[in-house]
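Below: the structure, in structure tokens.
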Number of protein chains: 4
Amino acid sequence: MRRLGIILNGATGRIGTGQHLARALVPLRDEGLTLASGERVAIDPVLTGRDAGRLQRTAQRFGIERWSTDLDACLENGEDTVFFDCAATGVRHANVKRALEAGKHVFCDKPLGTTYAEASALAQLAERLDRRNGVVMANLWLPGLRKLRALVDSGFFGRVLSIRGEHGYWIFDGHARPAQRPAWNYRREDGGGIVLDMMCHWHYMLESLFGRLARVTCAARTFVPDRLDEKATPYDATAEDAAFVLCELESGAMAQVCLSWCVRVYRDDLMVMQVDGTHGSAVVGVFDCYTQHRDQTPVLLWNAEDRPDVDHRAAWLPVPDAGTTGNAFRTQWALFLRHVLEDAPFPWDFAMAARGLEVVERCYSASGAHSWETLSAP
Amino acid sequence: MRRLGIILNGATGRIGTGQHLARALVPLRDEGLTLASGERVAIDPVLTGRDAGRLQRTAQRFGIERWSTDLDACLENGEDTVFFDCAATGVRHANVKRALEAGKHVFCDKPLGTTYAEASALAQLAERLDRRNGVVMANLWLPGLRKLRALVDSGFFGRVLSIRGEHGYWIFDGHARPAQRPAWNYRREDGGGIVLDMMCHWHYMLESLFGRLARVTCAARTFVPDRLDEKATPYDATAEDAAFVLCELESGAMAQVCLSWCVRVYRDDLMVMQVDGTHGSAVVGVFDCYTQHRDQTPVLLWNAEDRPDVDHRAAWLPVPDAGTTGNAFRTQWALFLRHVLEDAPFPWDFAMAARGLEVVERCYSASGAHSWETLSAP
Amino acid sequence: MRRLGIILNGATGRIGTGQHLARALVPLRDEGLTLASGERVAIDPVLTGRDAGRLQRTAQRFGIERWSTDLDACLENGEDTVFFDCAATGVRHANVKRALEAGKHVFCDKPLGTTYAEASALAQLAERLDRRNGVVMANLWLPGLRKLRALVDSGFFGRVLSIRGEHGYWIFDGHARPAQRPAWNYRREDGGGIVLDMMCHWHYMLESLFGRLARVTCAARTFVPDRLDEKATPYDATAEDAAFVLCELESGAMAQVCLSWCVRVYRDDLMVMQVDGTHGSAVVGVFDCYTQHRDQTPVLLWNAEDRPDVDHRAAWLPVPDAGTTGNAFRTQWALFLRHVLEDAPFPWDFAMAARGLEVVERCYSASGAHSWETLSAP
Amino acid sequence: MRRLGIILNGATGRIGTGQHLARALVPLRDEGLTLASGERVAIDPVLTGRDAGRLQRTAQRFGIERWSTDLDACLENGEDTVFFDCAATGVRHANVKRALEAGKHVFCDKPLGTTYAEASALAQLAERLDRRNGVVMANLWLPGLRKLRALVDSGFFGRVLSIRGEHGYWIFDGHARPAQRPAWNYRREDGGGIVLDMMCHWHYMLESLFGRLARVTCAARTFVPDRLDEKATPYDATAEDAAFVLCELESGAMAQVCLSWCVRVYRDDLMVMQVDGTHGSAVVGVFDCYTQHRDQTPVLLWNAEDRPDVDHRAAWLPVPDAGTTGNAFRTQWALFLRHVLEDAPFPWDFAMAARGLEVVERCYSASGAHSWETLSAP
């Protein structure tokens with residue numbers, strides 16, 4: 001059985017332990033990874049980080065034998081060929097650069113850096129050094145998005161005309177009720193902002209499913225400037241808590257995205273996307289996906305006189321669940337490892353992640369300048 | 001009983017007879033209008049137009065004694081002090097100008113002219129001549145919009161943060177099924193286009209309810225370029241059948257409006273608007289209005305692992321119907337006549353209608369130039 | 001306005017007056033027929049038959065000015081260019097032959113003759129004389145079938161795999177309750193038999209919608225041999241009251257048709273057809289059509305242990321009604337007259353009707369010989 | 001308490017452990033079998049097979065004391081008088097033959113062999129050696145089928161005229177979704193094919209309930225030739241995935257059976273059967289059975305003009321559940337053991353099972369030759 005050594009850097013945080021370790025890598029290690037050839041691979045992780053106590057506790061909890069606070073030493077170990085980073089965003093560029101230069105294949109959490117420039121440089125470096133590279137884009141493996149992907153692949157929509165997305169729900173400001181999200185999310189200086197947080201996701205969802213974006217505009221807003229933090233201390237919200245985005249796609253389709261922590265939810269799910277095409281439409285949430293084919297489309301007429309006794313949503317049918325879909329992080333991890341080990345396709349690379357940061361930066365520019373911004377050509 | 005003579009010009013068309021006569025003026029005439037003072041007013045209409053046969057038939061149908069093809073003679077009759085126009089849009093400016101210059105108070109159908117310049121000129125003329133003036137803005141008296149108005153007036157929303165509207169449904173292209181709307185709607189050269197048709201309505205709904213707009217951008221699209229007309233003959237759709245609009249309000253709120261004849265309806269109604277404010281939110285359709293107060297707002301958390309067994313829409317409550325609300329056209333007619341007769345407030349005047357055309361024109365400019373357009377200051 | 005003279009032979013019977021006159025031709029005459037060119041056509045019928053009293057009464061009822069018992073004289077009138085026959089099936093061949101030889105275009109009720117040979121001869125004669133010809137195939141314009149046609153045309157099914165049809169309901173034998181159908185339907189010697197009656201319809205439905213049939217087998221049965229007629233007199237049922245048919249289509253699809261007056265109805269309608277294709281399925285009745293797209297298809301598993309709480313029919317959506325569809329007979333009449341007057345397409349001709357009789361005859365042969373029968377090639 | 005020793009051969013597979021052990025024999029052993037005389041019988045099983053590890057684990061799981069890989073030794077043990085086989089079909093004939101020759105009474109899973117010839121030989125051998133014999137025909141004890149049996153026994157149907165059955169649902173081809181059934185089912189060379197799989201069941205259901213079949217025809221089709229297997233590898237489907245069968249019964253009734261993995265389910269259940277008789281009809285599924293008596297039969301009339309507001313299925317009434325019916329396998333096991341021990345009736349013997357294989361083989365012949373095939377006389 002072949003062995004694969006993986007350096008996991010910064011994996012003792014909430015996302016690192018809760019998702020990457022508990023739900024993705026540890027189950028993969030326990031069951032072993034199977035390649036297309038049938039070959040089985042034994043995963044052998046080493047935890048790296050700065051806090052020895054935390055590393056030890058985490059290693060113990062998951063039965064991981066190796067951990068270290070000496071990242072350089074670990075990178076020098078030629079037996080561990082894959083590097084994964086989910087440490088703080090501020091040091092991602094430096095960490096990933098060191099790993100690439102040490103000859104590692106690199107997988108990391110999003111965002112790939114704090115700027116488009118940083119991320120692009122990493123993408124170029126990885127290409128120059130010919131190292132496998134990828135970034136977590138987990139939304140693509142949510143049950144609802146998998147169903148949408150299947151509809152796109154089957155040609156259900158015909159020509160896609162418009163995509164309208166909403167993400168968000170009411171985040172309390174800390175006065176009457178505690179906020180459901182950390183305070184740094186609302187401070188620009190700490191890396192907060194719903195555009196930076198969410199447009200990365202919407203970028204890869206839109207471009208993976210519907211093709212390249214050509215132009216964007218955005219209106220970012222800080223609707224609730226006064227909030228209380230985790231300790232009920234008032235602070236100034238300096239990052240936007242809502243953004244209204246329009247995107248032109250190269251295909252001619254339009255995407256409208258509303259991101260907001262200042263809306264109340266009157267929809268199927270916390271994130272929804274409606275896709276309308278010439279042959280059919282779908283409304284997709286995190287778990288479910290409802291469809292209406294053109295041949296099932298009701299003939300509607302405007303009538304403001306008589307209240308119609310009609311439930312428009314009853315004219316849609318769910319896409320059935322596709323059996324056991326598995327955790328999104330684990331699915332993408334397995335795909336990345338198979339990309340490293342047997343060259344399986346993996347389009348979710350540094351270049352795509354850098355592109356996401358380009359979209360984020362153009363949204364901020366557009367919002368500041370009241371403009372539409374053209375995205376870079378391929 | 002006081003008498004009020006009204007010249008009804010061009011009222012033999014579909015909207016003129018179906019709405020203004022059958023549902024508004026004739027019932028008002030039959031029941032009489034009552035002023036705030038308690039005084040009763042007898043309405044005495046005269047139909048004017050170009051087709052004597054049609055005028056005679058329409059007059060007969062509604063028991064109207066007077067009709068004429070000689071508009072000039074009617075305008076000279078000092079006993080008829082109110083002029084109403086719902087003839088073709090192309091001649092509205094000329095008709096209204098003649099009536100104002102003949103000293104009439106003027107009420108007319110939307111749009112007030114074919115351009116912002118035309119409509120502004122009429123607004124200025126009416127102001128200079130000190131004539132009462134108004135334009136039909138019937139959506140404001142739809143049952144759902146009345147409920148929304150009441151919420152705004154009661155301060156239910158606190159500070160309004162965002163308004164998100166959708167209007168439209170799938171209009172068949174005539175191939176598999178006949179289109180539900182006339183072909184001219186899809187031809188720019190015939191006065192078609194969803195922006196011209198619908199942004200007038202959204203303008204007055206937004207500014208009446210939430211205050212002045214400051215800036216707009218728009219992406220207008222012709223998603224279905226090939227359609228069949230009423231006789232199943234193919235034609236080129238030259239007007240946009242969808243538009244994605246963003247508006248900044250002077251208050252700091254944002255409005256996002258999607259107008260489209262190329263979407264399938266997964267919502268409560270053919271037109272819906274969600275308003276989110278610091279104190280509460282509402283989702284309003286043509287007839288109904290659902291609300292969620294900040295104290296009723298669920299504490300939601302992102303969870304992509306476990307399918308939540310929750311119906312988000314069940315956490316909203318309807319605003320009860322406010323008894324019989326009456327036809328929207330009739331309500332606005334009565335308000336206009338009381339404005340003429342006893343100076344009752346009537347903000348839905350030529351200036352506001354001209355402003356609607358300004359918004360429409362700026363939307364087209366923004367869409368063509370990929371820009372945001374600043375609207376005129378008051 | 002152009003005039004079209006039509007000889008209506010034998011139209012005083014139940015189908016003739018109830019369908020062809022009352023619902024098709026008389027309304028067409030009253031409203032006039034409009035051609036694609038916009039030209040209007042005045043329809044001028046003459047009733048012919050053997051019973052002068054009936055002809056006079058029928059003419060009077062419908063305001064038809066001309067009637068005659070002298071068919072030969074009528075056929076000699078060069079002003080009447082169209083002949084229609086719905087007299088008894090036994091004399092159809094003779095009537096239609098006379099009309100063709102007199103130079104008329106001919107439309108007639110089904111069946112086109114008592115045998116395939118008779119019908120083929122008429123088809124060849126019409127072709128040789130270059131006369132327009134057609135046979136009533138009214139099921140094609142039933143609301144449900146129109147919806148099915150639209151699904152076929154839009155490619156909804158992908159590759160069609162199987163068609164399963166059922167037609168029939170319990171016809172009482174006259175003992176406990178009177179029969180709902182006339183006694184001659186159950187006597188071979190009087191032209192009865194469910195294969196002869198119904199396979200003509202199924203032939204044109206199958207071949208119009210799904211392409212040519214290649215092979216058939218059939219098991220015809222007389223399940224209830226003793227019946228009481230309209231006067232409660234016992235008689236021997238000599239014609240089959242049920243038939244089980246299998247058809248191979250040239251496309252590779254299979255059709256299974258159950259025709260029976262001895263079944264009780266546990267389905268949507270008296271006639272239903274389920275079509276299954278690679279991309280979607282539909283279940284169509286006389287009025288409605290339910291659909292399930294491949295992306296909406298539930299993942300079903302056999303489980304005989306636990307009763308599943310599932311309503312399989314809830315996973316289907318109706319095809320919306322396509323506005324006013326109009327009477328089926330009138331629709332086909334208008335199509336035939338436009339075929340005569342302006343060469344509009346009309347595939348429902350004598351050749352297709354003769355083919356229907358071929359299928360009927362092969363069904364009887366197959367049933368008698370316990371064989372599969374190959375149909376003639378094009 | 002009397003002891004009964006049973007050799008269970010090949011019972012460590014999915015059906016063996018999941019059905020025969022877990023749901024049938026182990027509960028029977030735990031509760032003991034009671035004969036008509038009131039005598040109690042202690043069941044003492046021995047597991048035989050080839051994989052010692054599996055046998056041991058299975059024995060342990062169910063608290064079975066005896067297991068062995070030496071079948072010959074077990075067959076020599078005169079204390080164990082009953083032999084049961086659910087090993088692979090390919091070795092069934094050999095296993096059963098050995099057991100019969102060793103003097104055992106034999107019960108086994110279906111099919112009784114790979115060919116009619118093999119199965120017939122076993123039936124003759126069992127008869128010659130005068131050994132009790134039976135084959136699993138579990139569908140007969142499904143809740144719905146028990147209700148149907150009761151209707152047949154009570155004479156509810158009068159003379160049965162027709163039986164129309166459907167079994168199947170859409171099996172995905174593995175592209176958009178994984179298939180719900182194993183790939184070997186679609187490969188003739190691996191024993192696949194819906195006729196072989198399902199016509200055995202339909203044979204015993206039809207002949208047990210309605211008497212002997214006289215003649216059959218069949219059209220077997222492979223509608224989806226390209227499928228992906230459990231590992232998403234493409235393979236050629238060489239076995240039929242659909243079959244359309246017609247059967248003449250000796251009684252004069254007709255049976256029409258549609259078996260298909262290429263249909264979408266618009267019916268009550270995955271398997272349904274409609275039975276129509278002179279006195280009443282029933283529609284039976286796996287669990288439920290709906291009935292309409294002749295005195296409850298609506299008087300239906302064809303009407304293609306006006307949409308009838310009628311729900312045909314509402315005119316049927318369910319047969320109430322008959323208390324706890326128990327697992328189908330357990331029920332048949334108890335019947336077989338009572339047949340061995342006290343000569344209780346047991347018609348589901350080798351002869352009937354061989355007859356099922358005859359029907360299967362004739363269906364394949366008929367499909368290949370476009371013929372009707374006569375079945376052997378008693």
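Identifiers in this document derive from the order of the structure tokens: chains are assigned A, B, ..., residues are numbered from 1 separately in each chain, and ligands are numbered from 1 in order of occurrence.
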Who sits within 8 Å of B:Pro178, only C-alpha atoms, same chain under 6 positions skipped, as JSON, numbers by chain: {"B": [172, 228, 230, 232]}
Please save N, CA and C atoms of the selected residues as a JSON list (two decimals), in the first residue's frame.
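Output file again17.json follows:
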[["chain", "number", "residue", "atom", "x", "y", "z"],
["B", 172, "PHE", "N", -43.96, 33.35, -23.39],
["B", 172, "PHE", "CA", -43.61, 32.38, -24.42],
["B", 172, "PHE", "C", -43.26, 33.11, -25.72],
["B", 228, "LEU", "N", -42.50, 35.07, -32.29],
["B", 228, "LEU", "CA", -43.60, 35.05, -33.26],
["B", 228, "LEU", "C", -44.66, 36.03, -32.77],
["B", 230, "GLU", "N", -48.69, 37.93, -33.08],
["B", 230, "GLU", "CA", -50.06, 37.46, -32.88],
["B", 230, "GLU", "C", -50.53, 36.57, -34.04],
["B", 232, "ALA", "N", -48.49, 34.54, -35.63],
["B", 232, "ALA", "CA", -47.49, 33.48, -35.73],
["B", 232, "ALA", "C", -46.41, 33.81, -36.76]]
For stretch 244-297 of chain A against stretch 138-162 of chain A, with a cut-off of 7 Å and counting only C-alpha atoms, what is the closest atom pair and its distance in Å to one decimal for every residue that makes the cut, ordered by chain and number, as JSON lines?
{"residue": "A:Ala253", "atom": "CA", "partner": "A:Leu161", "partner_atom": "CA", "distance": 4.6}
{"residue": "A:Met254", "atom": "CA", "partner": "A:Ser162", "partner_atom": "CA", "distance": 4.8}
{"residue": "A:Ala255", "atom": "CA", "partner": "A:Ser162", "partner_atom": "CA", "distance": 5.7}
{"residue": "A:Val275", "atom": "CA", "partner": "A:Ser162", "partner_atom": "CA", "distance": 5.9}
{"residue": "A:Asp276", "atom": "CA", "partner": "A:Ser162", "partner_atom": "CA", "distance": 5.4}
{"residue": "A:Gly277", "atom": "CA", "partner": "A:Val160", "partner_atom": "CA", "distance": 4.0}
{"residue": "A:Thr278", "atom": "CA", "partner": "A:Gly158", "partner_atom": "CA", "distance": 5.2}
{"residue": "A:His279", "atom": "CA", "partner": "A:Gly158", "partner_atom": "CA", "distance": 4.6}
{"residue": "A:Gly280", "atom": "CA", "partner": "A:Phe157", "partner_atom": "CA", "distance": 4.6}
{"residue": "A:Ser281", "atom": "CA", "partner": "A:Phe157", "partner_atom": "CA", "distance": 6.2}
{"residue": "A:Val284", "atom": "CA", "partner": "A:Gly144", "partner_atom": "CA", "distance": 5.8}
{"residue": "A:Gly285", "atom": "CA", "partner": "A:Gly144", "partner_atom": "CA", "distance": 5.5}
{"residue": "A:Val286", "atom": "CA", "partner": "A:Gly144", "partner_atom": "CA", "distance": 4.9}
{"residue": "A:Phe287", "atom": "CA", "partner": "A:Gly144", "partner_atom": "CA", "distance": 4.2}
{"residue": "A:Asp288", "atom": "CA", "partner": "A:Gly144", "partner_atom": "CA", "distance": 4.8}
{"residue": "A:Cys289", "atom": "CA", "partner": "A:Gly144", "partner_atom": "CA", "distance": 5.6}
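Atom CA of B:His175 is positioned 13.8 Å from atom CA of B:Asp236.
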How close does each residue of chain B get to chain A, giving the shortest atom pair and distance in Å to one decimal for every residue with an atom at most 8 Å away, counting only C-alpha atoms, sorted by chain and residue number, as JSON lines?
{"residue": "B:Leu142", "atom": "CA", "partner": "A:Ala304", "partner_atom": "CA", "distance": 7.1}
{"residue": "B:Leu161", "atom": "CA", "partner": "A:Phe223", "partner_atom": "CA", "distance": 6.4}
{"residue": "B:Tyr169", "atom": "CA", "partner": "A:Leu300", "partner_atom": "CA", "distance": 7.0}
{"residue": "B:Trp170", "atom": "CA", "partner": "A:Leu300", "partner_atom": "CA", "distance": 7.5}
{"residue": "B:Ile171", "atom": "CA", "partner": "A:Val299", "partner_atom": "CA", "distance": 7.9}
{"residue": "B:Gln180", "atom": "CA", "partner": "A:Leu301", "partner_atom": "CA", "distance": 6.8}
{"residue": "B:Phe223", "atom": "CA", "partner": "A:Leu161", "partner_atom": "CA", "distance": 6.4}
{"residue": "B:Phe244", "atom": "CA", "partner": "A:Gln256", "partner_atom": "CA", "distance": 7.4}
{"residue": "B:Leu246", "atom": "CA", "partner": "A:Phe244", "partner_atom": "CA", "distance": 7.7}
{"residue": "B:Gln256", "atom": "CA", "partner": "A:Phe244", "partner_atom": "CA", "distance": 7.4}
{"residue": "B:Cys262", "atom": "CA", "partner": "A:Asp276", "partner_atom": "CA", "distance": 7.2}
{"residue": "B:Val263", "atom": "CA", "partner": "A:Asp276", "partner_atom": "CA", "distance": 5.6}
{"residue": "B:Arg264", "atom": "CA", "partner": "A:Ser281", "partner_atom": "CA", "distance": 6.5}
{"residue": "B:Val265", "atom": "CA", "partner": "A:His312", "partner_atom": "CA", "distance": 6.3}
{"residue": "B:Tyr266", "atom": "CA", "partner": "A:Arg313", "partner_atom": "CA", "distance": 5.2}
{"residue": "B:Arg267", "atom": "CA", "partner": "A:His312", "partner_atom": "CA", "distance": 6.4}
{"residue": "B:Asp268", "atom": "CA", "partner": "A:His312", "partner_atom": "CA", "distance": 6.6}
{"residue": "B:Asp269", "atom": "CA", "partner": "A:His312", "partner_atom": "CA", "distance": 7.5}
{"residue": "B:Leu270", "atom": "CA", "partner": "A:Trp302", "partner_atom": "CA", "distance": 7.2}
{"residue": "B:Asp276", "atom": "CA", "partner": "A:Val263", "partner_atom": "CA", "distance": 5.6}
{"residue": "B:Gly277", "atom": "CA", "partner": "A:Cys262", "partner_atom": "CA", "distance": 7.9}
{"residue": "B:Thr278", "atom": "CA", "partner": "A:Cys262", "partner_atom": "CA", "distance": 7.9}
{"residue": "B:Ser281", "atom": "CA", "partner": "A:Arg264", "partner_atom": "CA", "distance": 6.5}
{"residue": "B:Val283", "atom": "CA", "partner": "A:Tyr266", "partner_atom": "CA", "distance": 7.7}
{"residue": "B:Val286", "atom": "CA", "partner": "A:Ala304", "partner_atom": "CA", "distance": 6.6}
{"residue": "B:Phe287", "atom": "CA", "partner": "A:Arg307", "partner_atom": "CA", "distance": 6.7}
{"residue": "B:Gln292", "atom": "CA", "partner": "A:Arg264", "partner_atom": "CA", "distance": 7.6}
{"residue": "B:Thr297", "atom": "CA", "partner": "A:Arg264", "partner_atom": "CA", "distance": 7.2}
{"residue": "B:Val299", "atom": "CA", "partner": "A:Gln180", "partner_atom": "CA", "distance": 7.5}
{"residue": "B:Leu300", "atom": "CA", "partner": "A:Tyr169", "partner_atom": "CA", "distance": 7.1}
{"residue": "B:Leu301", "atom": "CA", "partner": "A:Gln180", "partner_atom": "CA", "distance": 6.8}
{"residue": "B:Trp302", "atom": "CA", "partner": "A:Leu270", "partner_atom": "CA", "distance": 7.3}
{"residue": "B:Ala304", "atom": "CA", "partner": "A:Val286", "partner_atom": "CA", "distance": 6.6}
{"residue": "B:Glu305", "atom": "CA", "partner": "A:Asn327", "partner_atom": "CA", "distance": 7.3}
{"residue": "B:Arg307", "atom": "CA", "partner": "A:Phe287", "partner_atom": "CA", "distance": 6.6}
{"residue": "B:Asp311", "atom": "CA", "partner": "A:Asp268", "partner_atom": "CA", "distance": 7.2}
{"residue": "B:His312", "atom": "CA", "partner": "A:Tyr266", "partner_atom": "CA", "distance": 5.9}
{"residue": "B:Arg313", "atom": "CA", "partner": "A:Tyr266", "partner_atom": "CA", "distance": 5.1}
{"residue": "B:Trp316", "atom": "CA", "partner": "A:Tyr266", "partner_atom": "CA", "distance": 7.8}
{"residue": "B:Asn327", "atom": "CA", "partner": "A:Glu305", "partner_atom": "CA", "distance": 7.5}
{"residue": "B:His370", "atom": "CA", "partner": "A:Trp372", "partner_atom": "CA", "distance": 5.8}
{"residue": "B:Ser371", "atom": "CA", "partner": "A:Ser371", "partner_atom": "CA", "distance": 5.6}
{"residue": "B:Trp372", "atom": "CA", "partner": "A:His370", "partner_atom": "CA", "distance": 5.8}
Atom-to-atom span, atom CA of C:Tyr186 and atom CA of C:Ala94, Å: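 Separation between atom CA of C:Tyr186 and atom CA of C:Ala94: 25.3 Å.
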Atom CA of D:Leu341 to atom CA of D:Arg3, straight-line distance in Å: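 So the answer is 10.6 Å.
Using only C-alpha atoms, the contacts of A:Asp51 at a cut-off of 10 Å, with sequence neighbours closer than 2 positions omitted, comprise Gly10, Thr12, Thr48, Gly49, Gly53, Arg54, Leu55, Gln56, Ser68 and Thr69 of chain A.
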Restricted to all heavy atoms, what would the selected residues look like written as a compact mmCIF listing (two decimals), in the first residue's frame?
# COMPACT_ATOMS: atom_id res chain seq x y z
N GLY A 10 -1.42 24.82 10.34
CA GLY A 10 -2.48 25.72 10.86
C GLY A 10 -3.83 25.05 10.96
O GLY A 10 -4.86 25.72 10.93
N THR A 12 -5.26 23.65 13.43
CA THR A 12 -5.84 23.52 14.78
C THR A 12 -6.95 24.54 15.04
O THR A 12 -7.51 24.56 16.12
CB THR A 12 -4.75 23.68 15.85
OG1 THR A 12 -4.07 24.93 15.62
CG2 THR A 12 -3.74 22.54 15.79
N THR A 48 1.50 20.83 11.68
CA THR A 48 2.47 21.88 12.01
C THR A 48 1.71 23.13 12.45
O THR A 48 0.55 23.32 12.09
CB THR A 48 3.37 22.21 10.81
OG1 THR A 48 2.54 22.61 9.70
CG2 THR A 48 4.21 21.02 10.39
N GLY A 49 2.42 23.96 13.25
CA GLY A 49 1.79 25.18 13.76
C GLY A 49 2.71 25.83 14.77
O GLY A 49 3.87 25.44 14.92
N GLY A 53 1.10 23.04 22.48
CA GLY A 53 0.04 22.42 23.28
C GLY A 53 -1.17 22.07 22.42
O GLY A 53 -1.71 20.96 22.48
N ARG A 54 -1.56 23.02 21.62
CA ARG A 54 -2.71 22.79 20.75
C ARG A 54 -2.43 21.68 19.75
O ARG A 54 -3.30 20.85 19.46
CB ARG A 54 -3.01 24.06 19.97
CG ARG A 54 -4.16 24.83 20.56
CD ARG A 54 -4.42 26.08 19.76
NE ARG A 54 -5.75 26.07 19.21
CZ ARG A 54 -6.36 27.18 18.79
NH1 ARG A 54 -5.75 28.35 18.90
NH2 ARG A 54 -7.57 27.12 18.29
N LEU A 55 -1.21 21.70 19.19
CA LEU A 55 -0.85 20.67 18.21
C LEU A 55 -0.93 19.28 18.85
O LEU A 55 -1.50 18.35 18.28
CB LEU A 55 0.57 20.91 17.69
CG LEU A 55 0.71 22.09 16.71
CD1 LEU A 55 2.18 22.44 16.51
CD2 LEU A 55 0.07 21.73 15.36
N GLN A 56 -0.40 19.21 20.05
CA GLN A 56 -0.39 17.91 20.73
C GLN A 56 -1.82 17.41 21.01
O GLN A 56 -2.16 16.26 20.76
CB GLN A 56 0.38 18.03 22.04
CG GLN A 56 0.60 16.69 22.72
CD GLN A 56 1.39 16.81 23.99
OE1 GLN A 56 1.42 17.89 24.61
NE2 GLN A 56 2.05 15.75 24.39
N SER A 68 4.63 19.03 14.80
CA SER A 68 5.88 19.78 14.94
C SER A 68 5.59 21.28 14.90
O SER A 68 4.66 21.73 14.24
CB SER A 68 6.83 19.42 13.79
OG SER A 68 7.88 20.35 13.72
N THR A 69 6.44 22.05 15.60
CA THR A 69 6.35 23.51 15.50
C THR A 69 7.43 24.03 14.55
O THR A 69 7.52 25.22 14.31
CB THR A 69 6.55 24.17 16.88
OG1 THR A 69 7.79 23.72 17.43
CG2 THR A 69 5.41 23.83 17.83
12 Å contact set for C:Val135, only C-alpha atoms, chain neighbours under 5 positions out, as a ChimeraX atom specification: /C:83-86,92,96,105-113,119,122-123,200-201,204,329,332-333,335-336,346-356
Hey, what's within 7 Å of C:Ala11 if we count only C-alpha atoms and toss same-chain stuff fewer than 4 positions away? As a tab-separated table (two decimals) with all heavy atoms, in the first residue's frame, please?
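Saved the output as selection.tsv:
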chain	number	residue	atom	x	y	z
C	16	GLY	N	-72.71	13.32	-37.39
C	16	GLY	CA	-72.82	14.35	-38.43
C	16	GLY	C	-73.38	15.65	-37.88
C	16	GLY	O	-72.79	16.72	-38.07
C	17	THR	N	-74.50	15.56	-37.19
C	17	THR	CA	-75.10	16.81	-36.68
C	17	THR	C	-74.39	17.29	-35.42
C	17	THR	O	-74.11	18.47	-35.27
C	17	THR	CB	-76.61	16.66	-36.38
C	17	THR	OG1	-76.76	15.54	-35.50
C	17	THR	CG2	-77.40	16.41	-37.64
C	86	CYS	N	-70.20	11.38	-44.33
C	86	CYS	CA	-70.27	10.64	-43.06
C	86	CYS	C	-71.52	9.78	-43.04
C	86	CYS	O	-72.11	9.54	-41.99
C	86	CYS	CB	-70.12	11.54	-41.84
C	86	CYS	SG	-71.39	12.71	-41.55
C	87	ALA	N	-71.89	9.26	-44.23
C	87	ALA	CA	-72.97	8.27	-44.30
C	87	ALA	C	-72.43	6.93	-43.78
C	87	ALA	O	-71.31	6.86	-43.30
C	87	ALA	CB	-73.44	8.16	-45.75
Those in stretch 4-198 of chain C with strand (DSSP E or B) from DSSP, as an MDAnalysis selection string: chainID C and resid 4:9 33:34 40:48 66:68 80:85 105:108 133:135 160:167
